[in-house]
$ cat entry.cif   # mmCIF, C-alpha atoms and all ligand atoms
data_protein
#
loop_
_atom_site.label_atom_id
_atom_site.label_comp_id
_atom_site.auth_asym_id
_atom_site.auth_seq_id
_atom_site.Cartn_x
_atom_site.Cartn_y
_atom_site.Cartn_z
CA MET A 1 29.07 -14.15 -28.26
CA PRO A 2 26.16 -16.51 -27.69
CA GLU A 3 23.71 -15.51 -25.00
CA LEU A 4 25.28 -16.41 -21.65
CA LYS A 5 23.40 -19.06 -19.71
CA PRO A 6 24.24 -20.22 -16.19
CA VAL A 7 26.34 -23.36 -16.33
CA THR A 8 28.19 -25.61 -13.89
CA LEU A 9 31.46 -27.23 -14.96
CA THR A 10 32.91 -30.19 -13.11
CA THR A 11 36.35 -31.72 -12.90
CA GLU A 12 37.69 -34.56 -10.81
CA ARG A 13 38.01 -32.41 -7.67
CA LEU A 14 36.24 -29.15 -8.48
CA GLU A 15 32.93 -27.63 -9.37
CA LEU A 16 32.91 -24.29 -11.21
CA ARG A 17 29.64 -22.38 -11.02
CA TRP A 18 28.59 -18.81 -11.74
CA MET A 19 29.26 -16.60 -8.75
CA ASP A 20 26.42 -14.65 -7.16
CA GLU A 21 25.37 -12.99 -3.87
CA ARG A 22 25.93 -16.15 -1.81
CA ASP A 23 29.67 -15.77 -2.54
CA ILE A 24 30.23 -12.28 -1.14
CA GLU A 25 31.99 -13.45 2.02
CA GLY A 26 34.07 -16.11 0.28
CA HIS A 27 35.04 -13.64 -2.45
CA TYR A 28 36.10 -11.12 0.18
CA ALA A 29 38.20 -13.77 1.96
CA VAL A 30 40.19 -14.39 -1.25
CA PHE A 31 40.84 -10.77 -2.27
CA SER A 32 41.43 -9.38 1.23
CA ASP A 33 44.46 -11.67 1.62
CA PRO A 34 47.62 -9.61 0.92
CA VAL A 35 49.40 -12.75 -0.31
CA VAL A 36 46.76 -13.28 -3.00
CA ALA A 37 46.70 -9.60 -3.98
CA ARG A 38 50.48 -9.19 -4.19
CA TYR A 39 50.58 -9.31 -8.00
CA TRP A 40 46.97 -8.34 -8.62
CA SER A 41 46.05 -5.08 -10.34
CA SER A 42 44.64 -3.58 -7.13
CA GLU A 43 45.59 -3.70 -3.45
CA PRO A 44 43.96 -6.13 -0.97
CA TRP A 45 40.35 -5.41 -0.16
CA THR A 46 39.70 -3.93 3.27
CA ASP A 47 35.91 -3.65 3.24
CA ILE A 48 33.37 -6.33 2.40
CA GLU A 49 31.54 -3.68 0.37
CA GLN A 50 34.27 -4.17 -2.26
CA ALA A 51 33.26 -7.83 -2.57
CA ARG A 52 29.62 -6.83 -2.78
CA GLN A 53 30.42 -4.42 -5.61
CA GLY A 54 32.58 -7.04 -7.34
CA ILE A 55 29.76 -9.56 -7.29
CA ALA A 56 27.29 -6.91 -8.49
CA ALA A 57 29.61 -6.09 -11.41
CA THR A 58 29.94 -9.79 -12.18
CA MET A 59 26.17 -10.20 -12.26
CA ALA A 60 25.83 -7.14 -14.49
CA ALA A 61 28.34 -8.75 -16.85
CA TYR A 62 26.17 -11.89 -17.08
CA ALA A 63 23.23 -9.69 -17.99
CA ASP A 64 25.01 -7.63 -20.66
CA GLY A 65 26.95 -10.63 -22.00
CA SER A 66 30.40 -9.15 -21.34
CA GLY A 67 31.79 -11.83 -19.01
CA VAL A 68 31.39 -14.73 -16.62
CA ARG A 69 33.05 -15.41 -13.27
CA PHE A 70 33.06 -18.96 -11.99
CA GLY A 71 33.41 -19.70 -8.31
CA ILE A 72 35.82 -22.61 -7.80
CA VAL A 73 34.35 -24.98 -5.23
CA LEU A 74 35.90 -28.13 -3.73
CA ARG A 75 33.47 -30.91 -4.56
CA GLU A 76 34.35 -32.84 -1.43
CA SER A 77 33.59 -30.07 1.08
CA GLY A 78 31.59 -27.47 -0.85
CA GLU A 79 34.17 -24.81 0.12
CA LEU A 80 34.59 -21.83 -2.24
CA ILE A 81 38.36 -21.62 -2.79
CA GLY A 82 38.67 -19.04 -5.57
CA ASN A 83 37.45 -17.91 -8.94
CA VAL A 84 38.22 -17.84 -12.63
CA SER A 85 36.73 -15.33 -15.02
CA LEU A 86 36.38 -14.98 -18.76
CA HIS A 87 35.69 -11.32 -19.39
CA HIS A 88 35.97 -8.44 -21.85
CA PHE A 89 34.28 -10.50 -24.53
CA PHE A 90 34.97 -8.97 -27.93
CA GLU A 91 32.37 -10.52 -30.17
CA GLN A 92 33.68 -9.53 -33.59
CA ASN A 93 37.10 -11.02 -32.87
CA ARG A 94 35.88 -13.92 -30.71
CA ARG A 95 38.33 -13.20 -27.93
CA CYS A 96 38.33 -12.39 -24.22
CA ASP A 97 40.61 -12.05 -21.18
CA ILE A 98 41.07 -14.59 -18.39
CA GLY A 99 41.64 -13.90 -14.68
CA TYR A 100 41.93 -16.22 -11.70
CA ALA A 101 42.77 -16.33 -8.01
CA LEU A 102 42.77 -18.98 -5.32
CA ALA A 103 42.81 -18.66 -1.53
CA SER A 104 46.48 -18.98 -0.59
CA LYS A 105 46.02 -22.00 1.70
CA HIS A 106 44.96 -23.98 -1.38
CA TRP A 107 47.92 -23.10 -3.60
CA GLY A 108 50.29 -25.72 -4.95
CA GLN A 109 47.80 -28.56 -5.36
CA GLY A 110 47.06 -28.16 -9.05
CA TYR A 111 43.63 -26.58 -8.49
CA ALA A 112 44.24 -23.53 -10.70
CA THR A 113 45.46 -25.68 -13.57
CA GLU A 114 42.43 -27.95 -13.21
CA ALA A 115 40.01 -25.01 -13.08
CA LEU A 116 41.57 -23.12 -15.99
CA ARG A 117 41.47 -26.18 -18.24
CA VAL A 118 37.72 -26.63 -17.87
CA ALA A 119 36.99 -22.88 -18.08
CA ILE A 120 39.02 -22.61 -21.28
CA ARG A 121 37.28 -25.65 -22.76
CA TYR A 122 33.96 -23.90 -22.03
CA GLY A 123 35.24 -20.71 -23.69
CA PHE A 124 36.31 -22.45 -26.87
CA ASP A 125 33.42 -24.93 -27.13
CA ALA A 126 30.35 -23.25 -25.67
CA LEU A 127 31.27 -19.62 -26.37
CA ASN A 128 33.06 -20.31 -29.67
CA LEU A 129 36.05 -18.15 -28.76
CA ASN A 130 39.15 -18.14 -30.91
CA ARG A 131 41.59 -16.50 -28.51
CA ILE A 132 42.02 -15.93 -24.77
CA GLU A 133 44.45 -13.36 -23.35
CA ALA A 134 46.15 -13.02 -19.97
CA ASP A 135 48.18 -10.19 -18.50
CA ILE A 136 50.43 -11.02 -15.55
CA ASP A 137 53.19 -9.48 -13.48
CA PRO A 138 56.48 -11.13 -14.53
CA ARG A 139 57.30 -11.72 -10.86
CA ASN A 140 54.19 -13.87 -10.53
CA VAL A 141 56.07 -17.03 -11.46
CA GLY A 142 53.36 -19.46 -10.32
CA SER A 143 50.75 -17.72 -12.47
CA GLY A 144 52.99 -17.84 -15.55
CA ARG A 145 53.63 -21.52 -14.92
CA VAL A 146 49.88 -22.25 -14.75
CA LEU A 147 49.33 -20.41 -18.05
CA GLU A 148 52.14 -22.30 -19.76
CA LYS A 149 50.88 -25.63 -18.39
CA VAL A 150 47.49 -25.06 -20.02
CA GLY A 151 49.01 -24.01 -23.35
CA PHE A 152 49.35 -20.22 -23.31
CA ARG A 153 52.32 -18.70 -25.10
CA LYS A 154 54.25 -15.62 -24.04
CA GLU A 155 53.55 -12.92 -26.63
CA GLY A 156 54.72 -9.60 -25.31
CA TYR A 157 56.07 -7.38 -22.58
CA MET A 158 54.75 -4.01 -21.46
CA PRO A 159 56.91 -2.13 -18.95
CA GLU A 160 55.33 -0.08 -16.15
CA ARG A 161 51.75 -0.81 -17.19
CA TRP A 162 50.26 -0.70 -13.67
CA PHE A 163 50.76 1.47 -10.63
CA VAL A 164 50.03 -0.58 -7.54
CA PHE A 165 51.61 -1.01 -4.08
CA GLY A 166 53.36 2.33 -4.60
CA GLU A 167 55.35 1.21 -7.64
CA PHE A 168 54.99 0.71 -11.39
CA ALA A 169 54.62 -2.93 -12.34
CA ASP A 170 55.32 -4.57 -15.70
CA THR A 171 53.06 -6.89 -17.68
CA VAL A 172 53.84 -10.07 -19.55
CA ASN A 173 51.17 -10.77 -22.16
CA TYR A 174 50.12 -14.34 -22.79
CA GLY A 175 47.76 -15.68 -25.45
CA LEU A 176 46.06 -18.98 -26.12
CA LEU A 177 44.64 -19.67 -29.58
CA ARG A 178 41.99 -22.26 -30.16
CA ARG A 179 44.26 -24.02 -32.64
CA TYR A 180 47.03 -24.42 -30.03
CA TRP A 181 44.45 -25.92 -27.72
CA ASP A 182 42.92 -28.26 -30.33
C1 LIG B 1 48.51 -18.20 -9.56
C2 LIG B 1 47.65 -19.15 -8.74
C3 LIG B 1 46.22 -19.09 -9.24
C4 LIG B 1 48.19 -20.57 -8.90
O1 LIG B 1 47.31 -21.47 -8.22
P1 LIG B 1 47.76 -22.97 -7.85
O2 LIG B 1 46.52 -23.78 -7.62
O3 LIG B 1 48.78 -22.93 -6.80
O4 LIG B 1 48.42 -23.43 -9.23
P2 LIG B 1 48.80 -24.93 -9.65
O5 LIG B 1 49.06 -25.72 -8.40
O6 LIG B 1 47.76 -25.42 -10.60
O7 LIG B 1 50.13 -24.72 -10.48
C5 LIG B 1 51.15 -23.86 -10.01
C6 LIG B 1 52.43 -24.17 -10.76
O8 LIG B 1 53.33 -23.11 -10.55
C7 LIG B 1 54.49 -23.58 -9.92
N1 LIG B 1 54.95 -22.52 -9.03
C8 LIG B 1 54.23 -21.90 -8.07
N2 LIG B 1 55.00 -20.95 -7.50
C9 LIG B 1 56.19 -20.99 -8.12
C10 LIG B 1 57.39 -20.25 -7.97
N3 LIG B 1 57.51 -19.27 -7.08
N4 LIG B 1 58.42 -20.57 -8.79
C11 LIG B 1 58.31 -21.54 -9.72
N5 LIG B 1 57.17 -22.27 -9.91
C12 LIG B 1 56.15 -21.98 -9.11
C13 LIG B 1 54.06 -24.84 -9.20
O9 LIG B 1 55.15 -25.70 -8.93
C14 LIG B 1 53.11 -25.43 -10.25
O10 LIG B 1 53.80 -25.97 -11.35
P3 LIG B 1 54.06 -27.57 -11.49
O11 LIG B 1 52.70 -28.22 -11.53
O12 LIG B 1 54.80 -27.69 -12.75
O13 LIG B 1 54.83 -27.99 -10.27
C15 LIG B 1 47.67 -18.78 -7.24
O14 LIG B 1 49.00 -18.73 -6.81
C16 LIG B 1 46.99 -17.46 -6.92
O15 LIG B 1 45.79 -17.42 -6.71
N6 LIG B 1 47.78 -16.35 -6.87
C17 LIG B 1 47.22 -15.06 -6.50
C18 LIG B 1 46.31 -14.48 -7.55
C19 LIG B 1 47.04 -14.30 -8.84
O16 LIG B 1 48.18 -13.87 -8.85
N7 LIG B 1 46.35 -14.64 -9.93
C20 LIG B 1 46.88 -14.48 -11.25
C21 LIG B 1 46.90 -13.06 -11.60
S1 LIG B 1 46.85 -12.86 -13.32
#
$ encode --input "entry.cif" --output "structure tokens" --more "lines below"
Ligand SMILES: CC(C)(COP(=O)(O)OP(=O)(O)OC[C@H]1O[C@@H](n2cnc3c(N)ncnc32)[C@H](O)[C@@H]1OP(=O)(O)O)[C@@H](O)C(=O)NCCC(=O)NCCS
Amino acid sequence: MPELKPVTLTTERLELRWMDERDIEGHYAVFSDPVVARYWSSEPWTDIEQARQGIAATMAAYADGSGVRFGIVLRESGELIGNVSLHHFFEQNRRCDIGYALASKHWGQGYATEALRVAIRYGFDALNLNRIEADIDPRNVGSGRVLEKVGFRKEGYMPERWFVFGEFADTVNYGLLRRYWD
């Protein structure tokens, strides 16, 4: 991977910028919401220390070149409404994973689709990736729809891959190749 340098990406309605300490409260607000966490790989946060640790891990990933997490900000109001990350960079194979979450009051307005498009463009153009992978719960229909809208293809199914909310949860694997995108 090229050396990671702070960058701001803009779309019609959104600004995506690297998250840092100023985002601890906003980050906590997103991941402490049980509606947001329902199909996440861990249960809702209950202590702001979890957000502090999450941001610290994000900043460590900038430093060691293993990932970036963009805060998704509404340009009109400056409100932080969620995040999208490109992480687990695997340099030899030019691939990484993608993750994303939006505060639930902002769902259904096309923001995730808009944010993913510009983050993926950054991954393919600036980071020279060839492949981006996503792993979602098959019950997370909205998430699957967002991935398909931006060009991901369903590639696999892994039963009982996670144990969360007191039950095993399955994974649907999605992949996006640079040549699908181009
Ligand atoms: C997944 C998530 C990011 C989507 O954000 P969003 O801004 O609402 O997404 P968009 O508005 O860009 O697109 C959502 C699409 O899914 C569709 N959708 C949403 N819920 C749906 C459902 N239950 N059934 C069918 N379609 C659904 C919407 O209609 C829309 O498709 P359309 O444009 O064709 O109408 C958001 O719901 C979220 O943060 N969820 C919690 C965190 C999470 O699960 N992240 C992904 C984990 S891998």
$ residues_near_ligand --input "entry.cif" --ligand "ligand LIG 1 (chain B)" --cutoff "6 Å" --atoms "only C-alpha atoms and all ligand atoms" --output "PyMOL selection string"
chain A and resi 36+39-40+99-102+107-113+135-136+141-143+145-146
$ closest_residue --input "entry.cif" --among "A:Lys154, A:Leu116, A:Leu9, A:Asn140" --to "Asp170 (chain A)" --atoms "only C-alpha atoms"
A:Asn140
$ residues_around --input "entry.cif" --residues "Phe152 (chain A)" --least-positions-apart "3" --cutoff "9 Å" --atoms "only C-alpha atoms" --output "MDAnalysis selection string"
chainID A and resid 132:134 144 146:149 174:177 180:181
$ closest_residue --input "entry.cif" --among "A:Arg52, A:Arg179, A:His88, A:Lys105" --to "Ile24 (chain A)" --atoms "only C-alpha atoms"
A:Arg52
$ atom_distance --input "entry.cif" --atom1 "CA of Gly82 (chain A)" --atom2 "CA of Gly26 (chain A)"
8.0 Å
$ atom_distance --input "entry.cif" --atom1 "CA of Thr11 (chain A)" --atom2 "CA of Leu86 (chain A)"
17.7 Å
$ build_atoms --input "entry.cif" --residues "region 12-32 of chain A" --atoms "N, CA and C atoms" --output "mmCIF file, keeping the file's coordinate frame"
data_model
loop_
_atom_site.group_PDB
_atom_site.id
_atom_site.type_symbol
_atom_site.label_atom_id
_atom_site.label_comp_id
_atom_site.auth_asym_id
_atom_site.auth_seq_id
_atom_site.Cartn_x
_atom_site.Cartn_y
_atom_site.Cartn_z
ATOM 1 N N GLU A 12 37.539 -33.495 -11.804
ATOM 2 C CA GLU A 12 37.690 -34.560 -10.810
ATOM 3 C C GLU A 12 37.476 -34.046 -9.384
ATOM 4 N N ARG A 13 38.061 -32.890 -9.062
ATOM 5 C CA ARG A 13 38.010 -32.410 -7.670
ATOM 6 C C ARG A 13 37.182 -31.149 -7.477
ATOM 7 N N LEU A 14 36.809 -30.500 -8.585
ATOM 8 C CA LEU A 14 36.240 -29.150 -8.480
ATOM 9 C C LEU A 14 34.886 -29.024 -9.167
ATOM 10 N N GLU A 15 34.133 -28.062 -8.660
ATOM 11 C CA GLU A 15 32.930 -27.630 -9.370
ATOM 12 C C GLU A 15 33.123 -26.135 -9.643
ATOM 13 N N LEU A 16 32.849 -25.712 -10.868
ATOM 14 C CA LEU A 16 32.910 -24.290 -11.210
ATOM 15 C C LEU A 16 31.488 -23.853 -11.537
ATOM 16 N N ARG A 17 31.004 -22.872 -10.780
ATOM 17 C CA ARG A 17 29.640 -22.380 -11.020
ATOM 18 C C ARG A 17 29.642 -20.867 -10.985
ATOM 19 N N TRP A 18 28.671 -20.278 -11.679
ATOM 20 C CA TRP A 18 28.590 -18.810 -11.740
ATOM 21 C C TRP A 18 28.525 -18.258 -10.320
ATOM 22 N N MET A 19 29.303 -17.227 -10.070
ATOM 23 C CA MET A 19 29.260 -16.600 -8.750
ATOM 24 C C MET A 19 28.043 -15.687 -8.633
ATOM 25 N N ASP A 20 27.526 -15.581 -7.406
ATOM 26 C CA ASP A 20 26.420 -14.650 -7.160
ATOM 27 C C ASP A 20 26.458 -14.200 -5.694
ATOM 28 N N GLU A 21 25.364 -13.629 -5.203
ATOM 29 C CA GLU A 21 25.370 -12.990 -3.870
ATOM 30 C C GLU A 21 25.794 -13.934 -2.746
ATOM 31 N N ARG A 22 25.563 -15.228 -2.910
ATOM 32 C CA ARG A 22 25.930 -16.150 -1.810
ATOM 33 C C ARG A 22 27.452 -16.192 -1.613
ATOM 34 N N ASP A 23 28.212 -15.669 -2.583
ATOM 35 C CA ASP A 23 29.670 -15.770 -2.540
ATOM 36 C C ASP A 23 30.370 -14.536 -1.995
ATOM 37 N N ILE A 24 29.601 -13.551 -1.534
ATOM 38 C CA ILE A 24 30.230 -12.280 -1.140
ATOM 39 C C ILE A 24 31.314 -12.498 -0.074
ATOM 40 N N GLU A 25 31.001 -13.257 0.956
ATOM 41 C CA GLU A 25 31.990 -13.450 2.020
ATOM 42 C C GLU A 25 33.207 -14.229 1.543
ATOM 43 N N GLY A 26 32.957 -15.292 0.779
ATOM 44 C CA GLY A 26 34.070 -16.110 0.280
ATOM 45 C C GLY A 26 34.943 -15.319 -0.681
ATOM 46 N N HIS A 27 34.316 -14.461 -1.476
ATOM 47 C CA HIS A 27 35.040 -13.640 -2.450
ATOM 48 C C HIS A 27 35.912 -12.629 -1.690
ATOM 49 N N TYR A 28 35.339 -12.079 -0.637
ATOM 50 C CA TYR A 28 36.100 -11.120 0.180
ATOM 51 C C TYR A 28 37.311 -11.814 0.828
ATOM 52 N N ALA A 29 37.104 -13.042 1.311
ATOM 53 C CA ALA A 29 38.200 -13.770 1.960
ATOM 54 C C ALA A 29 39.383 -13.937 1.002
ATOM 55 N N VAL A 30 39.101 -14.191 -0.270
ATOM 56 C CA VAL A 30 40.190 -14.390 -1.250
ATOM 57 C C VAL A 30 40.926 -13.068 -1.500
ATOM 58 N N PHE A 31 40.179 -12.003 -1.821
ATOM 59 C CA PHE A 31 40.840 -10.770 -2.270
ATOM 60 C C PHE A 31 41.246 -9.828 -1.125
ATOM 61 N N SER A 32 40.927 -10.195 0.113
ATOM 62 C CA SER A 32 41.430 -9.380 1.230
ATOM 63 C C SER A 32 42.755 -9.929 1.747
#
